[in-house]
>>> print(open('entry_12.cif').read())   # mmCIF, C-alpha atoms
data_query
#
loop_
_atom_site.group_PDB
_atom_site.id
_atom_site.type_symbol
_atom_site.label_atom_id
_atom_site.label_comp_id
_atom_site.auth_asym_id
_atom_site.auth_seq_id
_atom_site.Cartn_x
_atom_site.Cartn_y
_atom_site.Cartn_z
ATOM 1 C CA MET A 1 0.000 0.000 0.000
ATOM 2 C CA ASP A 2 1.264 3.479 -0.894
ATOM 3 C CA ARG A 3 0.449 6.535 1.205
ATOM 4 C CA SER A 4 1.211 10.240 0.973
ATOM 5 C CA ILE A 5 1.945 11.903 4.315
ATOM 6 C CA ARG A 6 1.786 15.671 4.747
ATOM 7 C CA THR A 7 4.469 17.226 6.953
ATOM 8 C CA PRO A 8 3.783 20.200 9.262
ATOM 9 C CA ASP A 9 5.752 22.468 6.881
ATOM 10 C CA GLY A 10 3.587 21.467 3.910
ATOM 11 C CA ARG A 11 5.783 18.913 2.156
ATOM 12 C CA THR A 12 4.699 15.464 0.948
ATOM 13 C CA LEU A 13 6.400 12.207 1.950
ATOM 14 C CA ALA A 14 5.765 9.107 -0.175
ATOM 15 C CA VAL A 15 5.385 5.980 1.973
ATOM 16 C CA GLU A 16 5.161 2.267 1.130
ATOM 17 C CA ILE A 17 3.618 -0.195 3.628
ATOM 18 C CA ASP A 18 3.753 -4.000 3.355
ATOM 19 C CA GLY A 19 3.981 -7.174 5.430
ATOM 20 C CA ASP A 20 1.366 -7.921 8.103
ATOM 21 C CA PRO A 21 -1.115 -4.997 8.008
ATOM 22 C CA ALA A 22 -1.943 -5.575 11.675
ATOM 23 C CA GLY A 23 1.645 -6.301 12.709
ATOM 24 C CA ARG A 24 4.112 -4.382 14.823
ATOM 25 C CA PRO A 25 5.597 -1.530 12.749
ATOM 26 C CA VAL A 26 9.214 -1.521 11.567
ATOM 27 C CA LEU A 27 10.427 1.448 9.522
ATOM 28 C CA VAL A 28 13.167 0.949 6.919
ATOM 29 C CA HIS A 29 15.740 3.624 5.987
ATOM 30 C CA ASN A 30 17.103 2.497 2.632
ATOM 31 C CA GLY A 31 20.536 3.368 1.241
ATOM 32 C CA THR A 32 21.852 6.303 -0.788
ATOM 33 C CA PRO A 33 20.606 6.818 -3.442
ATOM 34 C CA ASN A 34 17.412 4.802 -3.102
ATOM 35 C CA SER A 35 13.647 4.998 -2.588
ATOM 36 C CA ARG A 36 10.767 3.816 -0.398
ATOM 37 C CA HIS A 37 10.408 0.431 -2.069
ATOM 38 C CA LEU A 38 10.720 -2.661 0.125
ATOM 39 C CA TYR A 39 12.530 -5.866 -0.872
ATOM 40 C CA GLY A 40 10.142 -8.774 -1.518
ATOM 41 C CA PRO A 41 11.911 -11.439 0.613
ATOM 42 C CA ASN A 42 12.084 -8.970 3.519
ATOM 43 C CA VAL A 43 8.357 -8.335 3.154
ATOM 44 C CA ARG A 44 7.549 -12.065 3.188
ATOM 45 C CA ASP A 45 9.756 -12.623 6.221
ATOM 46 C CA ALA A 46 8.112 -9.706 8.015
ATOM 47 C CA LYS A 47 4.636 -11.049 7.291
ATOM 48 C CA GLU A 48 5.561 -14.445 8.740
ATOM 49 C CA ARG A 49 6.853 -12.727 11.897
ATOM 50 C CA GLY A 50 3.815 -10.483 12.332
ATOM 51 C CA LEU A 51 5.613 -7.289 11.348
ATOM 52 C CA ARG A 52 4.455 -4.364 9.235
ATOM 53 C CA LEU A 53 7.271 -2.840 7.149
ATOM 54 C CA ILE A 54 7.262 0.854 6.267
ATOM 55 C CA GLY A 55 9.559 2.451 3.692
ATOM 56 C CA TYR A 56 9.628 6.101 2.662
ATOM 57 C CA ASP A 57 11.260 8.359 0.107
ATOM 58 C CA ARG A 58 13.549 10.813 1.848
ATOM 59 C CA PRO A 59 13.023 14.415 0.658
ATOM 60 C CA GLY A 60 13.808 14.838 -3.047
ATOM 61 C CA TYR A 61 13.591 11.123 -3.867
ATOM 62 C CA GLY A 62 10.709 9.510 -5.750
ATOM 63 C CA GLY A 63 7.391 10.961 -4.651
ATOM 64 C CA SER A 64 8.650 13.067 -1.734
ATOM 65 C CA SER A 65 8.994 16.837 -1.932
ATOM 66 C CA PRO A 66 12.568 18.154 -1.855
ATOM 67 C CA LYS A 67 13.891 19.970 1.198
ATOM 68 C CA PRO A 68 16.933 22.031 0.154
ATOM 69 C CA GLY A 69 19.612 22.244 2.826
ATOM 70 C CA ARG A 70 18.279 19.330 4.838
ATOM 71 C CA THR A 71 20.527 17.527 7.302
ATOM 72 C CA VAL A 72 20.523 13.881 8.305
ATOM 73 C CA ALA A 73 18.984 14.863 11.647
ATOM 74 C CA ASP A 74 16.004 16.429 9.837
ATOM 75 C CA CYS A 75 14.730 12.931 9.048
ATOM 76 C CA ALA A 76 13.575 12.605 12.652
ATOM 77 C CA ALA A 77 10.837 15.197 12.129
ATOM 78 C CA ASP A 78 9.764 13.440 8.927
ATOM 79 C CA VAL A 79 9.564 10.088 10.695
ATOM 80 C CA ARG A 80 7.500 11.686 13.446
ATOM 81 C CA ALA A 81 5.122 13.008 10.775
ATOM 82 C CA ILE A 82 4.866 9.529 9.220
ATOM 83 C CA CYS A 83 4.099 7.986 12.608
ATOM 84 C CA ALA A 84 1.425 10.601 13.268
ATOM 85 C CA GLY A 85 -0.128 10.043 9.846
ATOM 86 C CA LEU A 86 -0.203 6.260 10.344
ATOM 87 C CA HIS A 87 -1.299 6.478 14.025
ATOM 88 C CA ILE A 88 1.873 4.758 15.271
ATOM 89 C CA ASP A 89 3.083 5.523 18.792
ATOM 90 C CA ARG A 90 5.970 3.017 19.054
ATOM 91 C CA LEU A 91 8.085 1.334 16.378
ATOM 92 C CA ALA A 92 11.394 -0.335 15.602
ATOM 93 C CA MET A 93 13.569 0.564 12.619
ATOM 94 C CA TRP A 94 16.645 -0.332 10.663
ATOM 95 C CA GLY A 95 18.841 1.593 8.247
ATOM 96 C CA ILE A 96 21.324 0.225 5.729
ATOM 97 C CA SER A 97 24.317 1.963 4.141
ATOM 98 C CA GLY A 98 23.308 5.619 3.610
ATOM 99 C CA GLY A 99 20.219 4.918 5.708
ATOM 100 C CA GLY A 100 22.438 4.060 8.686
ATOM 101 C CA PRO A 101 23.060 7.649 9.826
ATOM 102 C CA HIS A 102 19.339 8.360 9.423
ATOM 103 C CA VAL A 103 18.302 5.501 11.709
ATOM 104 C CA LEU A 104 20.836 6.644 14.299
ATOM 105 C CA ALA A 105 19.438 10.186 14.123
ATOM 106 C CA CYS A 106 15.949 8.832 14.787
ATOM 107 C CA ALA A 107 17.180 6.686 17.671
ATOM 108 C CA ALA A 108 18.837 9.743 19.226
ATOM 109 C CA LEU A 109 16.041 12.247 18.650
ATOM 110 C CA LEU A 110 12.857 10.150 18.885
ATOM 111 C CA SER A 111 13.327 8.269 22.127
ATOM 112 C CA ASP A 112 9.586 8.457 22.793
ATOM 113 C CA LEU A 113 8.866 6.582 19.532
ATOM 114 C CA VAL A 114 11.811 4.301 18.742
ATOM 115 C CA VAL A 115 12.007 1.092 20.792
ATOM 116 C CA ALA A 116 14.873 -0.530 18.850
ATOM 117 C CA ALA A 117 17.208 0.471 16.007
ATOM 118 C CA ALA A 118 19.787 -1.321 13.861
ATOM 119 C CA SER A 119 22.367 0.320 11.595
ATOM 120 C CA LEU A 120 23.788 -1.995 8.912
ATOM 121 C CA ALA A 121 26.844 -1.378 6.677
ATOM 122 C CA SER A 122 26.706 2.309 7.588
ATOM 123 C CA GLN A 123 29.256 5.090 7.370
ATOM 124 C CA ALA A 124 31.388 5.882 10.389
ATOM 125 C CA PRO A 125 31.221 9.428 11.816
ATOM 126 C CA TYR A 126 33.309 11.752 9.656
ATOM 127 C CA GLY A 127 36.024 13.593 11.542
ATOM 128 C CA ALA A 128 35.923 11.394 14.651
ATOM 129 C CA GLU A 129 39.186 11.412 16.587
ATOM 130 C CA GLY A 130 41.532 8.528 15.756
ATOM 131 C CA LEU A 131 39.313 7.235 12.937
ATOM 132 C CA ASP A 132 40.262 6.757 9.295
ATOM 133 C CA PHE A 133 36.889 7.521 7.705
ATOM 134 C CA PHE A 134 37.889 5.921 4.390
ATOM 135 C CA GLU A 135 39.360 2.658 5.721
ATOM 136 C CA GLY A 136 37.532 -0.332 4.237
ATOM 137 C CA MET A 137 35.377 1.853 1.968
ATOM 138 C CA GLY A 138 34.863 0.944 -1.698
ATOM 139 C CA GLN A 139 36.995 3.053 -4.030
ATOM 140 C CA SER A 140 34.132 4.740 -5.854
ATOM 141 C CA ASN A 141 32.669 5.843 -2.507
ATOM 142 C CA VAL A 142 36.100 7.134 -1.464
ATOM 143 C CA ASP A 143 36.394 9.141 -4.681
ATOM 144 C CA ASP A 144 32.862 10.571 -4.395
ATOM 145 C CA SER A 145 33.299 11.489 -0.729
ATOM 146 C CA ARG A 146 36.656 13.192 -1.278
ATOM 147 C CA LEU A 147 35.245 15.195 -4.186
ATOM 148 C CA PHE A 148 32.296 16.312 -2.047
ATOM 149 C CA PHE A 149 34.554 17.592 0.723
ATOM 150 C CA GLU A 150 36.938 19.280 -1.732
ATOM 151 C CA ASP A 151 34.584 20.823 -4.316
ATOM 152 C CA GLN A 152 30.815 20.652 -3.790
ATOM 153 C CA ALA A 153 29.977 22.230 -7.160
ATOM 154 C CA ALA A 154 32.052 19.610 -8.975
ATOM 155 C CA SER A 155 30.518 16.922 -6.768
ATOM 156 C CA ARG A 156 26.996 18.034 -7.703
ATOM 157 C CA ALA A 157 27.888 17.922 -11.407
ATOM 158 C CA GLN A 158 29.380 14.440 -11.000
ATOM 159 C CA LEU A 159 26.302 13.190 -9.163
ATOM 160 C CA GLU A 160 24.052 14.413 -11.960
ATOM 161 C CA LYS A 161 26.234 12.647 -14.533
ATOM 162 C CA ASP A 162 26.147 9.473 -12.422
ATOM 163 C CA ARG A 163 22.367 9.767 -12.087
ATOM 164 C CA GLU A 164 21.871 9.898 -15.848
ATOM 165 C CA GLU A 165 24.045 6.807 -16.267
ATOM 166 C CA MET A 166 22.174 4.942 -13.509
ATOM 167 C CA LEU A 167 18.812 5.643 -15.109
ATOM 168 C CA ALA A 168 20.043 4.225 -18.408
ATOM 169 C CA THR A 169 21.716 1.096 -16.994
ATOM 170 C CA PRO A 170 19.935 -2.308 -16.986
ATOM 171 C CA ALA A 171 19.890 -4.407 -13.818
ATOM 172 C CA GLU A 172 22.662 -6.837 -14.750
ATOM 173 C CA GLU A 173 25.079 -4.015 -15.571
ATOM 174 C CA ALA A 174 24.069 -1.953 -12.543
ATOM 175 C CA ALA A 175 24.843 -4.905 -10.276
ATOM 176 C CA ALA A 176 28.289 -5.283 -11.820
ATOM 177 C CA GLY A 177 28.957 -1.616 -11.110
ATOM 178 C CA LEU A 178 28.421 -2.197 -7.385
ATOM 179 C CA GLU A 179 30.862 -5.081 -7.042
ATOM 180 C CA SER A 180 33.806 -2.905 -5.974
ATOM 181 C CA LEU A 181 31.768 -1.801 -2.936
ATOM 182 C CA LEU A 182 30.904 -5.298 -1.721
ATOM 183 C CA SER A 183 32.439 -8.162 0.211
ATOM 184 C CA PRO A 184 32.929 -11.488 -1.641
ATOM 185 C CA THR A 185 29.832 -12.884 0.131
ATOM 186 C CA ASP A 186 27.657 -10.006 -1.050
ATOM 187 C CA LYS A 187 29.051 -10.165 -4.587
ATOM 188 C CA ALA A 188 28.003 -13.804 -4.794
ATOM 189 C CA VAL A 189 24.321 -13.006 -4.191
ATOM 190 C CA LEU A 190 24.054 -9.746 -6.137
ATOM 191 C CA GLN A 191 22.217 -11.229 -9.080
ATOM 192 C CA GLY A 192 18.713 -12.104 -10.227
ATOM 193 C CA GLY A 193 15.929 -10.791 -8.032
ATOM 194 C CA ILE A 194 18.010 -8.658 -5.687
ATOM 195 C CA ALA A 195 19.848 -6.981 -8.576
ATOM 196 C CA GLU A 196 16.530 -6.212 -10.246
ATOM 197 C CA TYR A 197 15.083 -4.857 -7.004
ATOM 198 C CA LEU A 198 18.071 -2.609 -6.287
ATOM 199 C CA THR A 199 18.037 -1.229 -9.817
ATOM 200 C CA TYR A 200 14.291 -0.596 -9.766
ATOM 201 C CA ALA A 201 14.357 1.041 -6.331
ATOM 202 C CA LEU A 202 17.292 3.277 -7.225
ATOM 203 C CA GLN A 203 15.932 4.306 -10.610
ATOM 204 C CA ASP A 204 12.480 5.068 -9.234
ATOM 205 C CA GLY A 205 13.969 7.229 -6.515
ATOM 206 C CA MET A 206 16.120 9.166 -8.992
ATOM 207 C CA GLU A 207 13.758 9.358 -11.977
ATOM 208 C CA LEU A 208 12.448 12.880 -11.456
ATOM 209 C CA SER A 209 15.630 14.532 -10.133
ATOM 210 C CA GLY A 210 18.843 14.025 -8.208
ATOM 211 C CA GLU A 211 17.697 16.397 -5.457
ATOM 212 C CA GLY A 212 17.405 13.638 -2.854
ATOM 213 C CA TRP A 213 20.930 12.450 -3.479
#
>>> encode(input="entry_12.cif", output="C-alpha cells")
Amino acid sequence: MDRSIRTPDGRTLAVEIDGDPAGRPVLVHNGTPNSRHLYGPNVRDAKERGLRLIGYDRPGYGGSSPKPGRTVADCAADVRAICAGLHIDRLAMWGISGGGPHVLACAALLSDLVVAAASLASQAPYGAEGLDFFEGMGQSNVDDSRLFFEDQAASRAQLEKDREEMLATPAEEAAAGLESLLSPTDKAVLQGGIAEYLTYALQDGMELSGEGW
C-alpha cells in the first residue's frame, strides 16, 4: 500500500507499507541513493513474523517533496510526521548503508517513539578522533566522498552525470557496477531478483531529479 503523508511544513512524503497490516511496525531507511520500495523477501519474512514494514522516500527522492539544505537529523521530524499520519506511537527501525546515519538520528532524537534500532553497513562518523573515515570503503565511494569535501559544485555535477548513467543502466550491468563496494559474500548473491530490485528502487527514486541524493 502506498500513502502520501503531509508534513507540518507542507511537504509530501511518499510511503510504502507492506507485510502484516496488523503487525508491529518496523520502519526501513534504505541506502543512498534509493527509494521507499521494500525488498520482496524482507516483506515475506516480516509477514511471517507479524511485522508491518514501512519504507519512505527521503526528501527529493521519488514521490517526496525536496527539502533544500536538509541535514541527516532532519529525518527525525519526517519520521514523526509519518508515525502521526499512520497512528503509530511506538516502532522499531533499521537503516542500511546511507540509511544508517538516518536511523541513528531517529534513535537519538525520537526516544519516545523508537524502541529498537539497527544500523547496517553504515558510514562511520566523519572527523571522529583517531578514525580513518575511508578505511575499508569501496573506491568509488572514497572518490565521491573526497570530491564532495573538496569541491561541492564539482561533486553536484558528478552526481548528476552518475544519475543519468544509472537511469540508463539495466539491472545486470548496474549490479556489476556495485561489485567494488561489496564483500565477496555479497558479490556472490548480487544477481537475479536482488539486482533487479536494487536497480528498480534506485531508478524510481532518482527518476524525477537528483535532489534527494
>>> residues_around(input="entry_12.cif", residues="stretch 88-94 of chain A", least_positions_apart="6", cutoff="6 Å", atoms="only C-alpha atoms", output="PyMOL selection string")
chain A and resi 25-28+113-119
>>> resolve_selection(input="entry_12.cif", expression="the PyMOL selection byres ((chain A and resi 77-85) around 9)", output="ChimeraX atom specification")
/A:4-8,13,15,27,56,58-59,73-76,86-91,106,109-110,113
>>> resolve_selection(input="entry_12.cif", expression="the PyMOL selection byres ((chain A and resi 179) around 12)", output="ChimeraX atom specification")
/A:138-141,172-178,180-191,195
>>> residues_around(input="entry_12.cif", residues="A:Trp213", least_positions_apart="2", cutoff="7 Å", atoms="only C-alpha atoms", output="list in words")
Thr32, Pro33, Gly210 and Glu211 of chain A
>>> closest_residue(input="entry_12.cif", among="A:Leu38, A:Val72, A:Leu167, A:Leu51", to="A:Pro101", atoms="only C-alpha atoms")
A:Val72
>>> residues_around(input="entry_12.cif", residues="A:Gln203", least_positions_apart="5", cutoff="9 Å", atoms="all atoms listed in the file", output="mmCIF file with C-alpha atoms, keeping the file's coordinate frame")
data_model
loop_
_atom_site.group_PDB
_atom_site.id
_atom_site.type_symbol
_atom_site.label_atom_id
_atom_site.label_comp_id
_atom_site.auth_asym_id
_atom_site.auth_seq_id
_atom_site.Cartn_x
_atom_site.Cartn_y
_atom_site.Cartn_z
ATOM 1 C CA PRO A 33 20.606 6.818 -3.442
ATOM 2 C CA ASN A 34 17.412 4.802 -3.102
ATOM 3 C CA SER A 35 13.647 4.998 -2.588
ATOM 4 C CA GLY A 62 10.709 9.510 -5.750
ATOM 5 C CA ARG A 163 22.367 9.767 -12.087
ATOM 6 C CA MET A 166 22.174 4.942 -13.509
ATOM 7 C CA LEU A 167 18.812 5.643 -15.109
ATOM 8 C CA ALA A 168 20.043 4.225 -18.408
ATOM 9 C CA LEU A 198 18.071 -2.609 -6.287
#
>>> atom_distance(input="entry_12.cif", atom1="atom CA of A:Gly212", atom2="atom CA of A:Pro66")
6.7 Å
>>> closest_residue(input="entry_12.cif", among="A:Leu202, A:Ala171, A:Ala14, A:Ala154", to="A:Ser64", atoms="all atoms listed in the file")
A:Ala14
>>> residues_around(input="entry_12.cif", residues="stretch 144-149 of chain A", least_positions_apart="5", cutoff="9 Å", atoms="all atoms listed in the file", output="VMD selection string")
chain A and resid 134 139 154 to 156 158 to 159
>>> atom_distance(input="entry_12.cif", atom1="atom CA of A:Asp20", atom2="atom CA of A:Arg44")
8.9 Å
>>> atom_distance(input="entry_12.cif", atom1="atom CA of A:Glu129", atom2="atom CA of A:Val142")
18.8 Å
>>> closest_residue(input="entry_12.cif", among="A:Ala153, A:Arg11, A:Ala124, A:Phe133", to="A:Gly60", atoms="all atoms listed in the file")
A:Arg11
>>> axis_aligned_box(input="entry_12.cif", around="stretch 109-119 of chain A", padding_each_side="4 Å", output="JSON")
{"center_x": 15.6, "center_y": 5.5, "center_z": 17.2, "size_x": 21.5, "size_y": 21.6, "size_z": 19.2}
>>> closest_residue(input="entry_12.cif", among="A:Met206, A:Gly95, A:Asp45, A:Leu53", to="A:Asp162", atoms="all atoms listed in the file")
A:Met206
>>> build_atoms(input="entry_12.cif", residues="stretch 197-208 of chain A", atoms="all heavy atoms", output="PDB file, keeping the file's coordinate frame")
ATOM      1  N   TYR A 197      15.696  -5.713  -8.019  1.00  0.00           N
ATOM      2  CA  TYR A 197      15.083  -4.857  -7.004  1.00  0.00           C
ATOM      3  C   TYR A 197      15.913  -3.599  -6.771  1.00  0.00           C
ATOM      4  O   TYR A 197      15.372  -2.472  -6.747  1.00  0.00           O
ATOM      5  CB  TYR A 197      14.922  -5.617  -5.686  1.00  0.00           C
ATOM      6  CG  TYR A 197      14.785  -4.698  -4.499  1.00  0.00           C
ATOM      7  CD1 TYR A 197      13.599  -4.001  -4.265  1.00  0.00           C
ATOM      8  CD2 TYR A 197      15.855  -4.485  -3.620  1.00  0.00           C
ATOM      9  CE1 TYR A 197      13.479  -3.125  -3.187  1.00  0.00           C
ATOM     10  CE2 TYR A 197      15.748  -3.618  -2.549  1.00  0.00           C
ATOM     11  CZ  TYR A 197      14.563  -2.941  -2.331  1.00  0.00           C
ATOM     12  OH  TYR A 197      14.454  -2.073  -1.287  1.00  0.00           O
ATOM     13  N   LEU A 198      17.219  -3.761  -6.570  1.00  0.00           N
ATOM     14  CA  LEU A 198      18.071  -2.609  -6.287  1.00  0.00           C
ATOM     15  C   LEU A 198      18.038  -1.603  -7.432  1.00  0.00           C
ATOM     16  O   LEU A 198      17.985  -0.390  -7.212  1.00  0.00           O
ATOM     17  CB  LEU A 198      19.502  -3.070  -6.012  1.00  0.00           C
ATOM     18  CG  LEU A 198      19.730  -3.791  -4.685  1.00  0.00           C
ATOM     19  CD1 LEU A 198      21.138  -4.360  -4.629  1.00  0.00           C
ATOM     20  CD2 LEU A 198      19.482  -2.860  -3.503  1.00  0.00           C
ATOM     21  N   THR A 199      18.062  -2.120  -8.659  1.00  0.00           N
ATOM     22  CA  THR A 199      18.037  -1.229  -9.817  1.00  0.00           C
ATOM     23  C   THR A 199      16.710  -0.491  -9.901  1.00  0.00           C
ATOM     24  O   THR A 199      16.662   0.726 -10.110  1.00  0.00           O
ATOM     25  CB  THR A 199      18.275  -2.025 -11.109  1.00  0.00           C
ATOM     26  OG1 THR A 199      19.525  -2.731 -11.010  1.00  0.00           O
ATOM     27  CG2 THR A 199      18.326  -1.105 -12.324  1.00  0.00           C
ATOM     28  N   TYR A 200      15.613  -1.221  -9.720  1.00  0.00           N
ATOM     29  CA  TYR A 200      14.291  -0.596  -9.766  1.00  0.00           C
ATOM     30  C   TYR A 200      14.140   0.458  -8.677  1.00  0.00           C
ATOM     31  O   TYR A 200      13.670   1.584  -8.925  1.00  0.00           O
ATOM     32  CB  TYR A 200      13.207  -1.668  -9.616  1.00  0.00           C
ATOM     33  CG  TYR A 200      11.846  -1.114  -9.277  1.00  0.00           C
ATOM     34  CD1 TYR A 200      11.139  -0.345 -10.199  1.00  0.00           C
ATOM     35  CD2 TYR A 200      11.280  -1.333  -8.016  1.00  0.00           C
ATOM     36  CE1 TYR A 200       9.891   0.183  -9.868  1.00  0.00           C
ATOM     37  CE2 TYR A 200      10.041  -0.811  -7.692  1.00  0.00           C
ATOM     38  CZ  TYR A 200       9.346  -0.054  -8.621  1.00  0.00           C
ATOM     39  OH  TYR A 200       8.135   0.475  -8.293  1.00  0.00           O
ATOM     40  N   ALA A 201      14.525   0.117  -7.453  1.00  0.00           N
ATOM     41  CA  ALA A 201      14.357   1.041  -6.331  1.00  0.00           C
ATOM     42  C   ALA A 201      15.184   2.300  -6.531  1.00  0.00           C
ATOM     43  O   ALA A 201      14.717   3.420  -6.278  1.00  0.00           O
ATOM     44  CB  ALA A 201      14.745   0.344  -5.025  1.00  0.00           C
ATOM     45  N   LEU A 202      16.415   2.130  -7.003  1.00  0.00           N
ATOM     46  CA  LEU A 202      17.292   3.277  -7.225  1.00  0.00           C
ATOM     47  C   LEU A 202      16.754   4.155  -8.352  1.00  0.00           C
ATOM     48  O   LEU A 202      16.659   5.386  -8.216  1.00  0.00           O
ATOM     49  CB  LEU A 202      18.695   2.779  -7.545  1.00  0.00           C
ATOM     50  CG  LEU A 202      19.808   3.807  -7.708  1.00  0.00           C
ATOM     51  CD1 LEU A 202      21.141   3.172  -7.341  1.00  0.00           C
ATOM     52  CD2 LEU A 202      19.876   4.336  -9.147  1.00  0.00           C
ATOM     53  N   GLN A 203      16.389   3.528  -9.464  1.00  0.00           N
ATOM     54  CA  GLN A 203      15.932   4.306 -10.610  1.00  0.00           C
ATOM     55  C   GLN A 203      14.628   5.028 -10.328  1.00  0.00           C
ATOM     56  O   GLN A 203      14.428   6.163 -10.759  1.00  0.00           O
ATOM     57  CB  GLN A 203      15.809   3.405 -11.842  1.00  0.00           C
ATOM     58  CG  GLN A 203      17.167   2.923 -12.358  1.00  0.00           C
ATOM     59  CD  GLN A 203      17.061   1.999 -13.552  1.00  0.00           C
ATOM     60  OE1 GLN A 203      15.992   1.462 -13.855  1.00  0.00           O
ATOM     61  NE2 GLN A 203      18.169   1.796 -14.243  1.00  0.00           N
ATOM     62  N   ASP A 204      13.732   4.407  -9.577  1.00  0.00           N
ATOM     63  CA  ASP A 204      12.480   5.068  -9.234  1.00  0.00           C
ATOM     64  C   ASP A 204      12.732   6.273  -8.333  1.00  0.00           C
ATOM     65  O   ASP A 204      12.093   7.319  -8.487  1.00  0.00           O
ATOM     66  CB  ASP A 204      11.531   4.087  -8.541  1.00  0.00           C
ATOM     67  CG  ASP A 204      10.146   4.687  -8.353  1.00  0.00           C
ATOM     68  OD1 ASP A 204       9.442   4.863  -9.360  1.00  0.00           O
ATOM     69  OD2 ASP A 204       9.771   4.969  -7.208  1.00  0.00           O
ATOM     70  N   GLY A 205      13.652   6.125  -7.406  1.00  0.00           N
ATOM     71  CA  GLY A 205      13.969   7.229  -6.515  1.00  0.00           C
ATOM     72  C   GLY A 205      14.620   8.406  -7.216  1.00  0.00           C
ATOM     73  O   GLY A 205      14.496   9.559  -6.776  1.00  0.00           O
ATOM     74  N   MET A 206      15.348   8.127  -8.311  1.00  0.00           N
ATOM     75  CA  MET A 206      16.120   9.166  -8.992  1.00  0.00           C
ATOM     76  C   MET A 206      15.482   9.655 -10.274  1.00  0.00           C
ATOM     77  O   MET A 206      16.012  10.532 -10.949  1.00  0.00           O
ATOM     78  CB  MET A 206      17.507   8.603  -9.308  1.00  0.00           C
ATOM     79  CG  MET A 206      18.295   8.145  -8.109  1.00  0.00           C
ATOM     80  SD  MET A 206      19.062   9.520  -7.252  1.00  0.00           S
ATOM     81  CE  MET A 206      20.469   9.771  -8.327  1.00  0.00           C
ATOM     82  N   GLU A 207      14.325   9.092 -10.650  1.00  0.00           N
ATOM     83  CA  GLU A 207      13.758   9.358 -11.977  1.00  0.00           C
ATOM     84  C   GLU A 207      13.474  10.836 -12.214  1.00  0.00           C
ATOM     85  O   GLU A 207      13.795  11.384 -13.269  1.00  0.00           O
ATOM     86  CB  GLU A 207      12.472   8.553 -12.165  1.00  0.00           C
ATOM     87  CG  GLU A 207      11.869   8.729 -13.551  1.00  0.00           C
ATOM     88  CD  GLU A 207      10.637   7.879 -13.748  1.00  0.00           C
ATOM     89  OE1 GLU A 207      10.189   7.214 -12.797  1.00  0.00           O
ATOM     90  OE2 GLU A 207      10.109   7.897 -14.876  1.00  0.00           O
ATOM     91  N   LEU A 208      12.874  11.502 -11.239  1.00  0.00           N
ATOM     92  CA  LEU A 208      12.448  12.880 -11.456  1.00  0.00           C
ATOM     93  C   LEU A 208      13.587  13.891 -11.270  1.00  0.00           C
ATOM     94  O   LEU A 208      13.607  14.920 -11.944  1.00  0.00           O
ATOM     95  CB  LEU A 208      11.296  13.220 -10.511  1.00  0.00           C
ATOM     96  CG  LEU A 208      10.023  12.405 -10.715  1.00  0.00           C
ATOM     97  CD1 LEU A 208       8.940  12.831  -9.722  1.00  0.00           C
ATOM     98  CD2 LEU A 208       9.502  12.555 -12.146  1.00  0.00           C
TER      99      LEU A 208
END
